[in-house]
Every structure is written in structure tokens, then in C-alpha cells.
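Asker: Below you'll find input-v3.cif; it's mmCIF, C-alpha atoms.
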```
data_query
loop_
_atom_site.label_atom_id
_atom_site.label_comp_id
_atom_site.auth_asym_id
_atom_site.auth_seq_id
_atom_site.Cartn_x
_atom_site.Cartn_y
_atom_site.Cartn_z
CA MET A 201 0.00 0.00 0.00
CA GLN A 202 2.85 2.37 0.77
CA GLU A 203 4.24 1.96 -2.75
CA LEU A 204 0.83 2.75 -4.23
CA GLU A 205 0.50 5.88 -2.08
CA GLN A 206 3.98 6.98 -3.14
CA TYR A 207 3.11 6.62 -6.84
CA LEU A 208 -0.12 8.52 -6.28
CA ALA A 209 1.59 11.34 -4.36
CA GLU A 210 4.28 11.71 -7.05
CA HIS A 211 1.91 11.74 -10.03
CA PRO A 212 1.46 15.31 -11.39
CA VAL A 213 -2.35 15.03 -11.23
CA LEU A 214 -2.19 14.39 -7.47
CA ARG A 215 1.05 16.12 -6.51
CA GLY A 216 0.58 18.56 -3.65
CA PHE A 217 -2.43 16.90 -2.06
CA THR A 218 -2.10 16.13 1.65
CA PRO A 219 -0.94 12.69 2.83
CA ALA A 220 -4.44 12.13 4.26
CA GLN A 221 -6.03 12.91 0.88
CA ILE A 222 -3.57 10.60 -0.91
CA ALA A 223 -4.40 7.86 1.61
CA GLU A 224 -8.09 8.31 0.75
CA VAL A 225 -7.38 8.16 -3.00
CA SER A 226 -5.36 4.99 -2.45
CA LYS A 227 -8.48 3.26 -1.11
CA CYS A 228 -9.98 3.40 -4.60
CA ALA A 229 -6.75 2.86 -6.55
CA ARG A 230 -4.75 -0.03 -7.88
CA MET A 231 -1.80 -0.48 -10.20
CA GLY A 232 -2.43 -1.75 -13.70
CA LYS A 233 -0.36 -2.89 -16.65
CA TYR A 234 -1.32 -3.13 -20.33
CA GLY A 235 0.69 -4.79 -23.06
CA THR A 236 1.17 -3.52 -26.59
CA ASP A 237 -2.17 -3.28 -28.46
CA GLU A 238 -4.15 -4.10 -25.32
CA TYR A 239 -7.18 -1.88 -24.75
CA LEU A 240 -7.64 0.09 -21.55
CA PHE A 241 -11.21 0.74 -22.65
CA ARG A 242 -13.45 0.64 -25.73
CA ALA A 243 -16.05 3.09 -26.96
CA GLY A 244 -19.52 2.29 -25.67
CA GLU A 245 -18.35 0.34 -22.62
CA PRO A 246 -19.26 1.58 -19.12
CA ALA A 247 -16.72 4.16 -17.89
CA ARG A 248 -15.87 3.05 -14.38
CA HIS A 249 -12.26 4.17 -14.04
CA CYS A 250 -9.86 7.04 -14.38
CA PHE A 251 -6.33 6.19 -15.52
CA LEU A 252 -3.16 7.96 -14.41
CA LEU A 253 -0.34 7.00 -16.74
CA ARG A 254 2.98 6.19 -15.06
CA GLU A 255 4.91 4.75 -17.99
CA GLY A 256 4.21 4.15 -21.67
CA HIS A 257 1.89 5.57 -24.30
CA VAL A 258 -1.78 5.12 -25.15
CA ALA A 259 -3.46 5.89 -28.47
CA VAL A 260 -6.88 7.50 -28.16
CA GLU A 261 -8.77 6.31 -31.21
CA VAL A 262 -12.11 6.70 -32.93
CA ARG A 263 -13.50 3.98 -35.17
CA GLU A 264 -15.81 4.22 -38.14
CA PRO A 265 -17.28 0.99 -39.52
CA GLY A 266 -15.32 -0.29 -42.50
CA ARG A 267 -12.34 2.00 -41.93
CA GLU A 268 -9.10 1.92 -40.03
CA PRO A 269 -9.20 3.63 -36.62
CA ILE A 270 -8.14 7.26 -36.50
CA THR A 271 -5.71 8.13 -33.73
CA LEU A 272 -6.83 11.43 -32.23
CA GLN A 273 -3.89 11.64 -29.87
CA THR A 274 -1.19 9.56 -28.29
CA VAL A 275 -1.04 10.21 -24.57
CA GLY A 276 2.18 9.60 -22.67
CA ASP A 277 3.26 9.50 -19.10
CA PRO A 278 2.73 11.19 -16.77
CA SER A 279 -0.79 12.17 -17.66
CA ALA A 280 -4.41 11.19 -17.07
CA LEU A 281 -6.76 9.42 -19.41
CA GLY A 282 -10.53 9.34 -19.65
CA TRP A 283 -13.22 11.65 -18.42
CA SER A 284 -16.36 9.78 -19.45
CA TRP A 285 -16.59 8.52 -15.85
CA LEU A 286 -17.49 12.08 -14.86
CA VAL A 287 -20.60 12.63 -16.98
CA PRO A 288 -23.75 10.63 -17.74
CA PRO A 289 -24.29 8.24 -19.40
CA PHE A 290 -20.87 7.17 -18.06
CA ARG A 291 -19.77 5.37 -21.24
CA TRP A 292 -16.47 5.68 -23.04
CA CYS A 293 -16.62 7.78 -26.23
CA PHE A 294 -13.31 6.56 -27.67
CA ASP A 295 -11.03 3.55 -27.63
CA ALA A 296 -7.79 3.71 -25.65
CA ARG A 297 -5.08 1.28 -26.83
CA ALA A 298 -1.62 0.81 -25.34
CA VAL A 299 0.98 1.29 -28.08
CA GLU A 300 3.71 -0.17 -25.85
CA LEU A 301 3.93 -1.67 -22.38
CA THR A 302 2.01 0.84 -20.28
CA ARG A 303 1.77 1.09 -16.50
CA VAL A 304 -1.09 3.01 -14.96
CA LEU A 305 -2.74 3.84 -11.70
CA VAL A 306 -6.38 2.82 -12.04
CA LEU A 307 -8.78 4.89 -9.94
CA ASP A 308 -12.27 3.55 -9.32
CA ALA A 309 -14.66 6.27 -10.51
CA LYS A 310 -17.32 5.61 -7.90
CA GLY A 311 -14.82 5.81 -5.03
CA LEU A 312 -13.17 8.88 -6.50
CA LEU A 313 -16.48 10.70 -6.93
CA GLU A 314 -17.48 9.79 -3.37
CA LEU A 315 -14.18 11.23 -2.13
CA CYS A 316 -14.83 14.43 -4.08
CA GLU A 317 -18.24 14.70 -2.38
CA ARG A 318 -16.82 14.09 1.11
CA ASP A 319 -13.83 16.40 0.71
CA HIS A 320 -14.91 19.40 -1.34
CA ASP A 321 -11.46 21.00 -1.20
CA PHE A 322 -9.96 17.86 -2.73
CA GLY A 323 -12.81 17.55 -5.23
CA TYR A 324 -12.55 21.13 -6.42
CA GLU A 325 -8.78 20.98 -6.89
CA PHE A 326 -8.90 17.53 -8.50
CA MET A 327 -11.60 18.60 -10.97
CA LYS A 328 -9.66 21.76 -11.87
CA ARG A 329 -6.62 19.65 -12.70
CA MET A 330 -8.61 17.13 -14.70
CA THR A 331 -10.49 19.85 -16.58
CA THR A 332 -7.21 21.50 -17.59
CA LEU A 333 -5.90 18.19 -18.94
CA PHE A 334 -9.11 17.50 -20.82
CA ALA A 335 -9.18 20.96 -22.39
CA GLN A 336 -5.63 20.40 -23.63
CA ARG A 337 -6.67 16.99 -24.98
CA LEU A 338 -9.68 18.46 -26.82
CA HIS A 339 -7.51 21.12 -28.45
CA ALA A 340 -5.03 18.47 -29.58
CA ALA A 341 -7.85 16.29 -30.95
CA ARG A 342 -9.26 19.25 -32.84
CA PHE A 343 -5.94 19.91 -34.55
CA GLN A 344 -5.51 16.21 -35.34
CA LEU A 345 -8.96 16.07 -36.95
CA LEU A 346 -8.27 19.22 -38.94
CA ASP A 347 -5.07 17.60 -40.19
CA VAL A 348 -6.87 14.35 -41.10
CA TYR A 349 -9.56 16.18 -43.06
CA ALA A 350 -7.05 18.52 -44.71
CA ASN A 351 -5.25 15.50 -46.17
CA LYS A 352 -8.47 14.22 -47.79
CA THR A 353 -8.80 17.13 -50.19
#
```
What do you get writing this file as C-alpha cells?

Answerer:
Amino acid sequence: MQELEQYLAEHPVLRGFTPAQIAEVSKCARMGKYGTDEYLFRAGEPARHCFLLREGHVAVEVREPGREPITLQTVGDPSALGWSWLVPPFRWCFDARAVELTRVLVLDAKGLLELCERDHDFGYEFMKRMTTLFAQRLHAARFQLLDVYANKT
């Protein structure tokens, strides 16, 4: 458990939170590992986790029937992945595929949301950090899509 708490405390998304807050996060966290081409999640599946990348890279992809997947962005460590666990209907909108051996901290969404409700200071700061990451991700996806469509003309 101590190793898990250390990884959590050192991750940029959680850096600066109090030891007590990190201990609470650790109650809904576990370490995970994904091999090359293994999916962390698939579009349409229930979104029950948040992923904090420790090592490796993950391709965020969108699929269209009959076509190859389009990689919107490749996310590397240390970052966070997934926000569908925050908003109804709590289903993933994209696929997330490890492009190499990838180690993550997997946070249970239900436990994390309960912690945010119990500790509003933690919740507010955590959501600010996640929102900043997601805004950056949306901007990157936008530019990737513009590039994909520009090459079709």
C-alpha cells in the first residue's frame, strides 16, 4: 500500500495533495499494466475508471465501420486518461489502446467521486486539474482532426 500511495503522491495530477487525501485516493486505486495493443477501454463500454499513466503511451482512437481507426492523440506518461466517468451516461466515447507496455494507476470512478463529495477541497482541486488536462486533450484532438480532413482534399 505504501508503494501505491507513493506513486499517487508523485503523479502530477495528485502532486501537492495532503498525505491524508492521498491515503483516501489509495483506497480506490490499484496499479495496472497493459501490453502492446491491449485496450484500456473501448467506446460504448461503461466508464468506471480514471487512468493515471505512469509509464508508456496510449493511443486515443475513434472507429468508423469499415475504416481503419483514426488516432486522435497519443497520450504519454505522466498524464491522465478518460473523463467519461465524470458525466452521464458514463460510457467511453473513444477507444484507448496501449501502443507499448504501459503502467497506470487505475482509480475507481465511484470511489473517486465519493471522495470528491466528502472532501470538497480535494474535489474542487482535483476537478480543476482534470479539466485542464481534458481541455488540452480536446484542443489536440481538434488539430488532429483538422489535419486528417485537410489531407483528404

Asker: Give as a ChimeraX atom specification the residues that the PyMOL selection byres ((chain A and resi 270-285) around 7) matches when applied to the coordinates above.

Answerer: /A:211-212,247-263,268-269,286-287,290-292,309,340-341,344-345

Asker: Sorted by chain and rising residue number, which residues of region 275-343 of chain A lie within 6 Å of region 239-244 of chain A, and what are their closest atom pairs and distances in Å to one decimal, counting all atoms listed in the file, as CSV?

Answerer:
```
residue,atom,partner,partner_atom,distance
A:Arg291,CA,A:Gly244,CA,5.4
A:Trp292,CA,A:Ala243,CA,4.7
A:Cys293,CA,A:Ala243,CA,4.8
A:Phe294,CA,A:Ala243,CA,4.5
A:Asp295,CA,A:Arg242,CA,4.2
A:Ala296,CA,A:Phe241,CA,5.4
A:Arg297,CA,A:Tyr239,CA,4.3
```

Asker: Using the chain letters and numbers from the file, give me the residues hit by the PyMOL selection byres ((chain A and resi 329) around 12), as an NGL selection string.

Answerer: :A and (211-217 or 279-280 or 283 or 322-328 or 330-336)

Asker: Any chance you could resolve the PyMOL selection byres ((chain A and resi 233) around 10) against this file and give the residues as a PyMOL selection string?

Answerer: chain A and resi 231-232+234-235+238+240+253-256+298+301-306

Asker: Could you tell me which of A:Asp319, A:Phe343, A:Arg267, A:Leu338 comes closest to Ile222 (chain A) if we count all atoms listed in the file?

Answerer: A:Asp319

Asker: Quick one: distance from CA of Leu312 (chain A) to CA of Glu224 (chain A) in Å, one decimal?

Answerer: 8.9 Å

Asker: I need the residue nearest Arg230 (chain A) from this list: A:Arg342, A:Glu317, A:Arg337, A:Leu208. Use only C-alpha atoms for the distance.

Answerer: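 Closest to Arg230 (chain A) of all the choices is A:Leu208.
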
Asker: Which value, in Å to one decimal, gives the distance between CA of Cys228 (chain A) and CA of Lys310 (chain A)?

Answerer: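 According to the coordinates, CA of Cys228 (chain A) and CA of Lys310 (chain A) are separated by 8.3 Å.
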
Asker: Considering all atoms listed in the file, can you say which of A:Glu314, A:Glu264, A:Glu205, A:Asp347 comes closest to Ala223 (chain A)?

Answerer: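 Closest residue, counting all atoms listed in the file: A:Glu205.
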
Asker: State, in Å with one decimal place, the distance from CA of Val299 (chain A) to CA of Ala350 (chain A).

Answerer: 25.3 Å

Asker: With all atoms listed in the file as the basis for distance, which of A:Pro288, A:Pro265, A:Pro246, A:Gly311 is at the shortest distance from Ala229 (chain A)?

Answerer: A:Gly311
